[in-house]
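Engineer: Provided below: my_file.txt, containing compact mmCIF, C-alpha atoms.
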```
# COMPACT_ATOMS: atom_id res chain seq x y z
CA MET A 10 5.29 42.29 3.51
CA ASN A 11 8.02 42.40 6.17
CA LYS A 12 10.26 39.51 7.16
CA GLN A 13 8.36 38.79 10.38
CA ASP A 14 5.04 38.48 8.52
CA SER A 15 6.68 36.22 5.93
CA HIS A 16 7.99 33.88 8.65
CA HIS A 17 4.57 33.86 10.31
CA ILE A 18 2.79 32.92 7.06
CA HIS A 19 5.41 30.23 6.32
CA GLY A 20 4.93 28.82 9.84
CA GLU A 21 1.16 28.72 9.39
CA GLU A 22 1.50 26.96 6.02
CA LYS A 23 3.91 24.42 7.51
CA LYS A 24 1.49 23.71 10.38
CA ALA A 25 -1.43 23.35 7.94
CA ASN A 26 0.61 20.99 5.76
CA LYS A 27 1.52 18.92 8.83
CA TRP A 28 -2.16 18.39 9.64
CA SER A 29 -2.85 17.67 5.95
CA ILE A 30 -0.24 14.89 5.97
CA ILE A 31 -1.71 13.44 9.18
CA ALA A 32 -5.17 13.43 7.55
CA ILE A 33 -3.84 11.93 4.30
CA ALA A 34 -1.85 9.30 6.22
CA SER A 35 -5.11 8.10 7.77
CA ILE A 36 -6.15 6.73 4.35
CA PRO A 37 -3.38 4.12 3.89
CA LEU A 38 -3.61 3.34 7.60
CA ILE A 39 -7.34 2.64 7.38
CA MET A 40 -7.26 0.86 4.01
CA THR A 41 -4.48 -1.38 5.34
CA LEU A 42 -6.46 -2.12 8.49
CA GLY A 43 -9.48 -2.95 6.33
CA ASN A 44 -7.51 -5.70 4.59
CA SER A 45 -4.65 -6.86 6.83
CA MET A 46 -6.86 -6.96 9.95
CA LEU A 47 -8.59 -10.00 8.45
CA ILE A 48 -5.41 -12.06 7.84
CA PRO A 49 -4.95 -13.36 11.42
CA ILE A 50 -8.62 -14.32 11.71
CA LEU A 51 -8.86 -16.21 8.40
CA PRO A 52 -8.46 -19.60 10.16
CA LEU A 53 -11.33 -18.58 12.48
CA MET A 54 -13.46 -17.58 9.47
CA GLU A 55 -12.76 -20.95 7.87
CA LYS A 56 -14.32 -22.65 10.91
CA GLN A 57 -17.26 -20.23 11.27
CA LEU A 58 -18.17 -20.15 7.58
CA HIS A 59 -17.18 -23.79 6.85
CA ILE A 60 -14.90 -22.79 3.98
CA SER A 61 -11.51 -24.02 2.73
CA LYS A 62 -8.14 -22.28 3.12
CA LEU A 63 -8.27 -21.29 -0.56
CA GLN A 64 -11.75 -19.78 -0.13
CA SER A 65 -10.63 -17.82 2.92
CA SER A 66 -7.69 -16.42 0.95
CA LEU A 67 -10.25 -15.05 -1.56
CA ILE A 68 -11.60 -12.74 1.16
CA ILE A 69 -8.23 -10.95 0.92
CA THR A 70 -7.68 -11.47 -2.80
CA VAL A 71 -11.01 -10.23 -4.20
CA TYR A 72 -10.51 -6.87 -2.46
CA SER A 73 -7.27 -6.41 -4.35
CA ILE A 74 -8.40 -7.81 -7.71
CA VAL A 75 -11.21 -5.23 -7.95
CA ALA A 76 -8.80 -2.46 -7.00
CA ILE A 77 -6.29 -3.51 -9.69
CA PHE A 78 -8.73 -2.75 -12.52
CA LEU A 79 -10.25 0.42 -11.05
CA ILE A 80 -7.10 2.13 -9.72
CA PRO A 81 -5.92 3.46 -13.14
CA ILE A 82 -9.41 4.91 -13.73
CA ALA A 83 -9.29 6.58 -10.32
CA GLY A 84 -5.85 7.98 -11.13
CA PHE A 85 -7.09 9.53 -14.37
CA LEU A 86 -10.19 10.96 -12.63
CA SER A 87 -7.97 12.51 -9.95
CA ASP A 88 -5.80 14.13 -12.66
CA LYS A 89 -8.94 15.43 -14.38
CA PHE A 90 -11.14 16.55 -11.49
CA GLY A 91 -8.82 16.74 -8.46
CA ARG A 92 -7.65 14.39 -5.71
CA LYS A 93 -10.13 15.19 -2.95
CA ILE A 94 -13.22 14.85 -5.14
CA VAL A 95 -12.22 11.23 -5.88
CA ILE A 96 -11.11 10.29 -2.34
CA ILE A 97 -14.28 11.36 -0.47
CA PRO A 98 -16.88 9.13 -2.25
CA SER A 99 -14.36 6.29 -2.28
CA LEU A 100 -14.15 6.31 1.51
CA ILE A 101 -17.96 6.15 1.68
CA ILE A 102 -18.08 3.14 -0.70
CA ALA A 103 -15.37 1.32 1.31
CA GLY A 104 -17.38 1.89 4.50
CA LEU A 105 -20.56 0.52 2.91
CA GLY A 106 -18.66 -2.60 1.83
CA GLY A 107 -17.64 -3.22 5.44
CA VAL A 108 -21.26 -2.83 6.59
CA LEU A 109 -22.48 -5.38 4.00
CA SER A 110 -19.82 -7.97 4.91
CA GLY A 111 -20.49 -7.55 8.61
CA TRP A 112 -24.28 -7.67 8.25
CA ALA A 113 -24.10 -10.81 6.08
CA SER A 114 -21.83 -12.53 8.60
CA TRP A 115 -24.25 -11.66 11.39
CA GLN A 116 -27.61 -12.33 9.76
CA PHE A 117 -27.19 -14.83 6.90
CA ASP A 118 -26.70 -18.58 7.12
CA SER A 119 -24.72 -18.73 3.86
CA ALA A 120 -22.75 -15.55 4.30
CA PHE A 121 -19.62 -16.23 2.21
CA THR A 122 -21.00 -14.92 -1.11
CA TRP A 123 -22.29 -11.72 0.51
CA ILE A 124 -18.98 -11.22 2.32
CA ILE A 125 -17.24 -11.41 -1.06
CA ILE A 126 -19.68 -8.83 -2.52
CA GLY A 127 -18.97 -6.55 0.46
CA ARG A 128 -15.24 -6.99 -0.07
CA ILE A 129 -15.71 -6.07 -3.75
CA LEU A 130 -17.30 -2.79 -2.62
CA GLN A 131 -14.38 -2.25 -0.26
CA GLY A 132 -12.01 -2.85 -3.16
CA ILE A 133 -13.82 -0.23 -5.23
CA GLY A 134 -13.44 2.23 -2.36
CA ALA A 135 -9.78 1.37 -1.85
CA ALA A 136 -9.12 1.90 -5.57
CA GLY A 137 -10.33 5.48 -5.34
CA ALA A 138 -8.72 6.39 -2.04
CA PHE A 139 -5.39 4.67 -1.43
CA PRO A 140 -3.59 5.34 -4.78
CA ILE A 141 -4.50 9.05 -4.81
CA VAL A 142 -2.52 9.60 -1.61
CA ILE A 143 0.92 9.58 -3.29
CA PRO A 144 0.18 12.27 -5.94
CA LEU A 145 -1.73 14.33 -3.36
CA VAL A 146 1.42 14.57 -1.22
CA GLY A 147 3.33 15.65 -4.32
CA ASP A 148 0.72 18.38 -4.94
CA ILE A 149 0.95 19.80 -1.41
CA TYR A 150 4.73 20.27 -1.18
CA LYS A 151 6.98 22.25 -3.51
CA LYS A 152 10.33 20.94 -2.24
CA GLU A 153 11.27 17.42 -3.33
CA GLU A 154 12.91 16.81 0.05
CA ASP A 155 9.60 17.54 1.81
CA VAL A 156 7.79 15.21 -0.62
CA SER A 157 10.21 12.33 0.08
CA SER A 158 10.03 12.83 3.84
CA SER A 159 6.21 12.95 3.76
CA LEU A 160 6.02 9.85 1.57
CA GLY A 161 8.11 8.11 4.23
CA ILE A 162 5.43 9.11 6.76
CA ILE A 163 2.70 7.83 4.40
CA GLU A 164 4.41 4.45 3.98
CA THR A 165 5.00 4.39 7.75
CA ALA A 166 1.25 4.90 8.30
CA ASN A 167 0.62 2.13 5.78
CA THR A 168 3.01 -0.24 7.53
CA PHE A 169 1.85 0.85 10.99
CA GLY A 170 -1.60 -0.25 9.84
CA LYS A 171 -0.06 -3.64 9.08
CA VAL A 172 1.57 -3.71 12.55
CA LEU A 173 -1.65 -2.76 14.30
CA SER A 174 -3.97 -4.88 12.16
CA PRO A 175 -3.15 -8.41 13.42
CA ILE A 176 -3.40 -7.29 17.05
CA LEU A 177 -6.53 -5.20 16.51
CA GLY A 178 -8.14 -7.84 14.29
CA ALA A 179 -7.55 -10.55 16.89
CA LEU A 180 -8.82 -8.34 19.74
CA ILE A 181 -12.02 -7.32 17.94
CA ALA A 182 -12.68 -10.83 16.61
CA GLY A 183 -12.21 -12.10 20.18
CA VAL A 184 -15.47 -10.30 21.05
CA ILE A 185 -17.46 -11.43 17.98
CA TRP A 186 -15.71 -13.07 15.03
CA PHE A 187 -17.32 -10.83 12.37
CA LEU A 188 -16.87 -7.54 14.27
CA PRO A 189 -13.73 -6.56 12.26
CA PHE A 190 -16.01 -6.05 9.23
CA PHE A 191 -18.06 -3.48 11.18
CA ALA A 192 -14.87 -1.73 12.34
CA ILE A 193 -14.07 -0.77 8.74
CA PRO A 194 -16.91 1.79 8.28
CA VAL A 195 -15.98 3.36 11.63
CA PHE A 196 -12.41 3.85 10.42
CA CYS A 197 -13.65 5.24 7.08
CA ILE A 198 -15.80 7.85 8.87
CA ILE A 199 -12.75 9.01 10.87
CA SER A 200 -10.65 9.36 7.71
CA PHE A 201 -13.54 11.09 5.89
CA LEU A 202 -13.78 13.75 8.61
CA LEU A 203 -10.01 14.29 8.74
CA ILE A 204 -9.81 14.78 4.97
CA MET A 205 -12.81 17.15 4.92
CA VAL A 206 -11.43 19.32 7.74
CA PHE A 207 -7.67 19.41 7.15
CA VAL A 208 -6.96 18.81 3.44
CA ARG A 209 -7.25 21.97 1.37
CA LYS A 210 -6.79 22.27 -2.36
CA PRO A 211 -3.25 23.59 -3.05
CA LYS A 212 -2.91 27.03 -4.64
CA ASN A 213 -2.67 27.14 -8.44
CA ASP A 214 -3.87 23.53 -8.49
CA VAL A 215 -5.40 22.82 -11.89
CA HIS A 216 -6.86 19.37 -12.63
CA GLN A 217 -8.58 19.47 -16.00
CA LEU A 218 -6.79 16.78 -17.96
CA SER A 219 -8.68 15.85 -21.12
CA PHE A 220 -8.81 12.20 -22.16
CA GLY A 221 -7.03 12.91 -25.45
CA ARG A 222 -4.20 14.70 -23.67
CA PHE A 223 -4.09 11.92 -21.07
CA VAL A 224 -3.55 9.27 -23.77
CA LYS A 225 -0.91 11.40 -25.53
CA ASN A 226 0.99 12.19 -22.32
CA THR A 227 0.89 8.57 -21.15
CA LYS A 228 2.34 7.39 -24.48
CA GLU A 229 5.09 10.04 -24.28
CA ILE A 230 6.04 9.08 -20.73
CA PHE A 231 6.21 5.36 -21.46
CA SER A 232 8.02 5.73 -24.79
CA GLU A 233 10.71 7.79 -23.06
CA HIS A 234 10.97 6.03 -19.70
CA TRP A 235 9.40 2.59 -20.06
CA LYS A 236 12.44 0.69 -18.74
CA TRP A 237 12.67 2.25 -15.27
CA LEU A 238 8.89 2.72 -14.97
CA LEU A 239 8.27 -0.96 -15.72
CA ALA A 240 11.02 -1.89 -13.27
CA VAL A 241 9.43 0.18 -10.47
CA PHE A 242 5.98 -1.31 -11.22
CA ILE A 243 7.26 -4.91 -11.19
CA ILE A 244 9.30 -4.37 -8.00
CA GLY A 245 6.19 -2.95 -6.31
CA ALA A 246 4.15 -6.02 -7.29
CA ILE A 247 6.88 -8.43 -6.15
CA ILE A 248 7.26 -6.68 -2.78
CA MET A 249 3.56 -6.94 -1.96
CA PHE A 250 3.38 -10.54 -3.23
CA ILE A 251 6.21 -11.54 -0.89
CA LEU A 252 4.82 -9.54 2.05
CA PHE A 253 1.24 -10.81 1.91
CA GLY A 254 2.33 -14.31 0.93
CA LEU A 255 4.61 -14.50 3.99
CA LEU A 256 1.94 -13.01 6.25
CA PHE A 257 -0.54 -15.66 5.09
CA TYR A 258 2.09 -18.38 5.61
CA LEU A 259 3.07 -17.08 9.05
CA SER A 260 -0.56 -16.69 10.15
CA SER A 261 -1.30 -20.30 9.17
CA ILE A 262 1.86 -21.86 10.58
CA LEU A 263 1.62 -20.00 13.91
CA GLU A 264 -1.81 -21.53 14.48
CA ASP A 265 -1.44 -24.95 12.84
CA LYS A 266 2.12 -25.80 13.93
CA TYR A 267 2.90 -23.73 17.01
CA GLY A 268 -0.60 -23.43 18.50
CA TYR A 269 -0.73 -19.63 18.70
CA ASP A 270 -4.07 -17.95 18.02
CA GLY A 271 -6.04 -14.82 18.93
CA VAL A 272 -4.15 -11.86 20.40
CA LYS A 273 -0.92 -13.84 20.94
CA LYS A 274 -0.75 -14.60 17.25
CA GLY A 275 -1.58 -10.97 16.49
CA PHE A 276 1.41 -9.75 18.50
CA LEU A 277 3.72 -12.28 16.84
CA LEU A 278 2.59 -11.21 13.36
CA ALA A 279 3.17 -7.59 14.40
CA ILE A 280 6.90 -8.16 15.10
CA PRO A 281 8.14 -8.30 11.47
CA LEU A 282 5.57 -5.66 10.50
CA ALA A 283 6.91 -3.30 13.18
CA ALA A 284 10.39 -3.71 11.66
CA LEU A 285 8.88 -2.90 8.25
CA CYS A 286 7.21 0.21 9.70
CA ILE A 287 10.41 1.56 11.28
CA ALA A 288 12.43 0.83 8.13
CA SER A 289 9.92 2.81 6.00
CA PHE A 290 10.12 5.82 8.31
CA VAL A 291 13.94 5.81 8.45
CA ALA A 292 14.29 5.33 4.67
CA GLY A 293 11.92 8.26 4.05
CA LYS A 294 14.16 10.48 6.19
CA ILE A 295 17.43 9.27 4.63
CA ILE A 296 16.61 9.53 0.92
CA LYS A 297 15.62 13.25 0.97
CA ASP A 298 15.64 14.21 -2.75
CA SER A 299 18.46 11.88 -3.81
CA LEU A 300 17.38 9.53 -6.59
CA LYS A 301 20.69 7.64 -6.26
CA LYS A 302 19.94 6.86 -2.61
CA MET A 303 16.46 5.71 -3.62
CA LYS A 304 17.93 3.29 -6.16
CA TRP A 305 20.55 1.78 -3.87
CA ILE A 306 18.29 1.48 -0.83
CA THR A 307 15.72 -0.30 -3.03
CA PHE A 308 18.41 -2.64 -4.36
CA SER A 309 19.82 -3.34 -0.88
CA GLY A 310 16.35 -3.83 0.54
CA MET A 311 15.48 -6.44 -2.07
CA VAL A 312 18.80 -8.26 -1.58
CA LEU A 313 18.10 -8.43 2.17
CA THR A 314 14.56 -9.67 1.44
CA GLY A 315 15.85 -12.42 -0.85
CA LEU A 316 18.51 -13.60 1.62
CA SER A 317 15.96 -13.61 4.45
CA VAL A 318 13.41 -15.63 2.49
CA ALA A 319 16.08 -18.13 1.38
CA ALA A 320 17.16 -18.54 5.02
CA ILE A 321 13.72 -20.02 5.89
CA MET A 322 14.93 -23.15 4.10
CA PHE A 323 17.51 -23.95 6.80
CA SER A 324 15.30 -24.15 9.89
CA ASP A 325 11.68 -24.09 10.99
CA ARG A 326 12.39 -23.28 14.64
CA PHE A 327 10.00 -20.67 15.99
CA ILE A 328 12.44 -17.91 17.07
CA TYR A 329 14.58 -18.40 13.95
CA LEU A 330 11.50 -18.03 11.72
CA ILE A 331 10.38 -14.80 13.43
CA ILE A 332 13.88 -13.25 13.14
CA VAL A 333 14.22 -14.19 9.47
CA ILE A 334 10.82 -12.74 8.55
CA LEU A 335 11.66 -9.64 10.64
CA LEU A 336 14.75 -9.08 8.45
CA CYS A 337 12.56 -9.57 5.40
CA GLY A 338 10.26 -6.84 6.76
CA ILE A 339 13.20 -4.44 7.07
CA GLY A 340 14.15 -5.01 3.43
CA ILE A 341 10.60 -4.45 2.20
CA GLY A 342 10.02 -1.45 4.47
CA ALA A 343 13.16 0.33 3.27
CA SER A 344 12.25 -0.16 -0.39
CA LEU A 345 8.65 1.10 -0.40
CA PRO A 346 9.13 4.86 0.25
CA CYS A 347 12.01 4.87 -2.26
CA LEU A 348 9.76 3.56 -5.03
CA ASP A 349 7.05 6.11 -4.13
CA ALA A 350 9.54 8.98 -4.19
CA ILE A 351 11.15 7.90 -7.49
CA LEU A 352 7.76 8.23 -9.18
CA THR A 353 6.66 11.52 -7.59
CA GLN A 354 9.99 13.20 -8.33
CA SER A 355 10.22 11.96 -11.91
CA ILE A 356 6.68 12.58 -13.18
CA ASP A 357 5.08 15.97 -13.80
CA LYS A 358 2.15 16.82 -11.52
CA GLU A 359 -0.39 16.74 -14.36
CA MET A 360 0.25 13.00 -14.92
CA ARG A 361 1.34 12.02 -11.41
CA GLY A 362 -2.05 10.60 -10.40
CA THR A 363 -2.21 8.34 -13.45
CA ILE A 364 1.34 6.98 -13.22
CA THR A 365 1.31 6.43 -9.44
CA SER A 366 -2.09 4.75 -9.75
CA ILE A 367 -0.61 2.20 -12.17
CA PHE A 368 2.09 1.58 -9.56
CA SER A 369 -0.60 1.13 -6.88
CA ALA A 370 -2.48 -1.27 -9.16
CA MET A 371 0.67 -3.37 -9.50
CA ARG A 372 1.07 -3.39 -5.72
CA PHE A 373 -2.53 -4.55 -5.33
CA ALA A 374 -1.82 -7.27 -7.91
CA GLY A 375 0.91 -8.56 -5.61
CA VAL A 376 -1.46 -8.44 -2.63
CA ALA A 377 -4.12 -10.32 -4.61
CA ALA A 378 -1.79 -13.07 -5.88
CA GLY A 379 0.20 -13.69 -2.68
CA PRO A 380 -2.26 -15.47 -0.33
CA PRO A 381 -3.91 -17.90 -2.82
CA ILE A 382 -0.62 -18.91 -4.47
CA ILE A 383 1.04 -19.46 -1.08
CA ALA A 384 -2.07 -21.39 0.07
CA LEU A 385 -1.67 -23.72 -2.93
CA LEU A 386 2.10 -24.12 -2.42
CA MET A 387 1.60 -24.90 1.30
CA LYS A 388 -0.20 -28.09 0.26
CA GLY A 389 3.16 -29.38 -0.99
CA LYS A 390 6.69 -28.75 0.25
CA ASN A 391 7.65 -25.46 1.93
CA SER A 392 10.76 -25.46 -0.25
CA ASP A 393 8.60 -24.72 -3.33
CA MET A 394 7.26 -21.56 -1.68
CA ILE A 395 10.72 -20.48 -0.51
CA ILE A 396 12.29 -21.00 -3.94
CA LEU A 397 9.54 -18.97 -5.64
CA LEU A 398 9.83 -16.05 -3.20
CA THR A 399 13.65 -16.09 -3.41
CA ILE A 400 13.58 -16.02 -7.23
CA LEU A 401 11.14 -13.08 -7.14
CA SER A 402 13.45 -11.21 -4.74
CA VAL A 403 16.41 -11.79 -7.08
CA ILE A 404 14.37 -10.48 -10.04
CA ALA A 405 13.43 -7.35 -8.06
CA SER A 406 17.07 -6.78 -7.04
CA LEU A 407 18.28 -7.09 -10.64
CA LEU A 408 15.58 -4.71 -11.88
CA ALA A 409 16.56 -2.12 -9.27
CA PHE A 410 20.24 -2.51 -10.19
CA LYS A 411 19.93 -2.56 -13.98
CA ALA A 412 16.83 -0.58 -14.93
CA ILE A 413 16.63 2.29 -12.41
CA LYS A 414 19.27 4.77 -13.58
CA PRO A 415 18.73 8.12 -11.84
CA GLU A 416 22.02 9.57 -13.08
CA ARG A 417 20.62 9.39 -16.62
CA GLU A 418 16.98 10.18 -15.94
CA LYS A 419 16.83 12.88 -13.30
CA LYS A 420 13.49 14.15 -14.57
CA ALA A 421 10.79 12.92 -16.84
CA ILE A 422 10.07 14.76 -20.07
CA ASP A 423 8.01 17.94 -19.90
CA MET A 424 4.36 17.38 -20.67
CA ASP A 425 2.30 19.43 -23.04
CA PRO A 426 -0.33 21.69 -21.44
CA VAL A 427 -3.02 19.59 -19.76
CA LEU A 428 -5.87 21.38 -21.53
CA ASP A 429 -6.86 20.90 -25.13
```
Represent the supplied structure as structure tokens.
Structural biologist:
Amino acid sequence: MNKQDSHHIHGEEKKANKWSIIAIASIPLIMTLGNSMLIPILPLMEKQLHISKLQSSLIITVYSIVAIFLIPIAGFLSDKFGRKIVIIPSLIIAGLGGVLSGWASWQFDSAFTWIIIGRILQGIGAAGAFPIVIPLVGDIYKKEEDVSSSLGIIETANTFGKVLSPILGALIAGVIWFLPFFAIPVFCIISFLLIMVFVRKPKNDVHQLSFGRFVKNTKEIFSEHWKWLLAVFIIGAIIMFILFGLLFYLSSILEDKYGYDGVKKGFLLAIPLAALCIASFVAGKIIKDSLKKMKWITFSGMVLTGLSVAAIMFSDRFIYLIIVILLCGIGIGASLPCLDAILTQSIDKEMRGTITSIFSAMRFAGVAAGPPIIALLMKGKNSDMIILLTILSVIASLLAFKAIKPEREKKAIDMDPVLD
């Protein structure tokens, strides 16, 4: 093969990988829309369904609780059978959940229970689709720099979904309040088609992990690296707890205190989320394959998050609140792609799906806990909520500083062959 042919083949592979990443990025975008799109319309749902603030928070929480328990199973199945074979049926299940929630809202007088069942189905679908994205990116690229950059794009798609969701949710709900539920299956069909057309199984990609080997390898990884793995998992949970807790708080206070609702509220919620989105993209580009950069950006991001949350204590003026939560979004956005990349670069491909799925489960735990706990704290003083979120930010900062030590743990231990 001459040099010209080699360059041509490399160019074709790069183009194919680009389309693969676009297709893969549609999954976090759509799964985020399927959840975050409902946050700005929760007060509207409370009125339409005659439910309490705590009950409305369960519409968000139940989605995540289901995912928490099923994500590790999905990770193991993806290591055993392959990523795509797990993602495809999961997208279908998530779409069916949206149909059930929407149909119940439209046709049933007491729709709340059926909405929750539909959201459980969505959670099952999310468990099998969203967490598999991170190891799939690691499978596609050989260079660690390309993996880190692509994970930045994935987190950007995730956060762009959060930016778009309050605006889109408010717009769609402005037509009919339950229409956002029906939007979810439409999004799932789009992602399904993109994955089917553009994502190909990487060459020399073997996924035949036996359960016995899975247990053995998991024990080996955690016995060797439990400190920094646990730190990454806890930081991921804290980040999502703070993010979704603040979004719930901001959504409520914008309507109850400042009188913003509908599309106006959607645009206001999108401001800090846009900052989060940009920060994720920039961090993904900066870190390349440097584990030290990943550590220090995570640490700095969590310090900024903690300072921003603490600053809410000093004023409740509208512009001040938006700016402070915007800064919080920057801190969170910078940290997320770093945590993703630390895991993909430090875990062998054969176990990557399992380990990153545990990380995703922890993130979903934060999403699940945030809204109901903040809803309960909002019944009392705002200072209680602020103190809790600040303490969590400090814990995350200390974990990033003390437990993540890339200079000592450049790579995880080599795994035994995946086949028995």
Engineer: Find the residues near segment 134-146 of chain A: any atom within 7 Å, counting all atoms listed in the file, skip ones fewer than 4 places away on the same chain, and give them as a list in words.
Structural biologist: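 Near segment 134-146 of chain A, the qualifying residues are Ile33, Ile36, Pro37, Met40, Ala76, Leu79, Ile80, Ala83, Gly84, Arg92, Val95, Ile96, Ser99, Leu100, Ile102, Ala103, Leu130, Tyr150, Val156, Thr353, Arg361, Gly362, Thr365, Ser366 and Ser369 of chain A.
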Engineer: What's around segment 124-126 of chain A at 10 Å? Count only C-alpha atoms, leave out sequence neighbours fewer than 2 positions away in its own chain, and write the answer as a list in words.
Structural biologist: Leu67, Ile68, Ile69, Thr70, Val71, Tyr72, Gly106, Gly107, Val108, Leu109, Ser110, Gly111, Trp112, Ala113, Ser114, Ser119, Ala120, Phe121, Thr122, Arg128, Ile129, Leu130, Gln131, Gly132 and Phe190 of chain A
Engineer: Around (0.1, 0.6, 8.9), as given in the file, which residues come within 12 Å? Count only C-alpha atoms and list them as a PyMOL selection string.
Structural biologist: chain A and resi 34-46+161-177+279+282-287+289-290+342
Engineer: Could you tell me which of A:Ile334, A:Leu203, A:Ile94, A:Val208 comes closest to Leu255 of chain A if we count all atoms listed in the file?
Structural biologist: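 For Leu255 of chain A, the nearest of the given residues is A:Ile334.
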Engineer: Quick check, in Å to one decimal: how far apart do atom CA of Ile321 of chain A and atom CA of Ala292 of chain A lie?
Structural biologist: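 Going from atom CA of Ile321 of chain A over to atom CA of Ala292 of chain A, I get 25.4 Å.
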Engineer: Can you pull out every residue within 10 Å of Ala32 of chain A, counting all atoms listed in the file, but drop anything in the same chain fewer than 4 positions away, and send it as a list in words?
Structural biologist: Asn26, Lys27, Trp28, Ile36, Ile199, Ser200, Phe201, Leu202, Leu203, Ile204, Met205, Val206, Phe207 and Val208 of chain A
Engineer: In Å, how far is it from atom CA of Ser317 of chain A to atom CA of Ile247 of chain A?
Structural biologist: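 Atom-to-atom, atom CA of Ser317 of chain A to atom CA of Ile247 of chain A, that is 14.9 Å.
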Engineer: Using all atoms listed in the file for the distances, tell me which of A:Ser324, A:Ser309, A:Asn226, A:Ser260 is nearest to Ile364 of chain A.
Structural biologist: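 With all atoms listed in the file as the atom set, the closest residue is A:Asn226.
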Engineer: Rounded to one decimal, what separation in Å do you get between atom CA of Leu256 of chain A and atom CA of Phe308 of chain A?
Structural biologist: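 So the answer is 22.2 Å.
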Engineer: For Ala320 of chain A, list every protein, DNA or RNA residue within 9 Å, evaluated using all atoms listed in the file, and leave out those in the same chain fewer than 5 positions away; present the list as a ChimeraX atom specification.
Structural biologist: /A:315,330,333,395
Engineer: Nearest to Gly268 of chain A among A:Phe368, A:Phe327, A:Leu239, A:Ser392, with distances taken over only C-alpha atoms: which residue is it?
Structural biologist: A:Phe327
Engineer: How big is the axis-aligned box around all listed atoms of segment 231-250 of chain A once 6 Å goes on each side, and where's its centre, in Å to one decimal, as JSON?
Structural biologist:
```
{"center_x": 8.0, "center_y": -1.4, "center_z": -13.4, "size_x": 21.3, "size_y": 30.3, "size_z": 34.8}
```
Engineer: Extract, using only C-alpha atoms, all DNA, RNA and protein residues at most 9 Å from Met371 of chain A, discarding same-chain residues fewer than 3 positions from it, and format them as a ChimeraX atom specification.
Structural biologist: /A:77,242-247,249,366-368,374-376
Engineer: Taking all atoms listed in the file into account, which of A:Ala288, A:Lys93, A:Leu259, A:Gly275 comes nearest Ile331 of chain A?
Structural biologist: A:Leu259
Engineer: Restricting the calculation to only C-alpha atoms, which member of A:Arg326, A:Lys62, A:Lys56, A:Lys273 is positioned closest to Ile382 of chain A?
Structural biologist: A:Lys62
Engineer: Find the residue from A:Asp88, A:Ala319, A:Gly183, A:Phe276 that sits nearest to Asn391 of chain A; use all atoms listed in the file when measuring.
Structural biologist: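 Looking at the shortest contact to Asn391 of chain A, the residue is A:Ala319.
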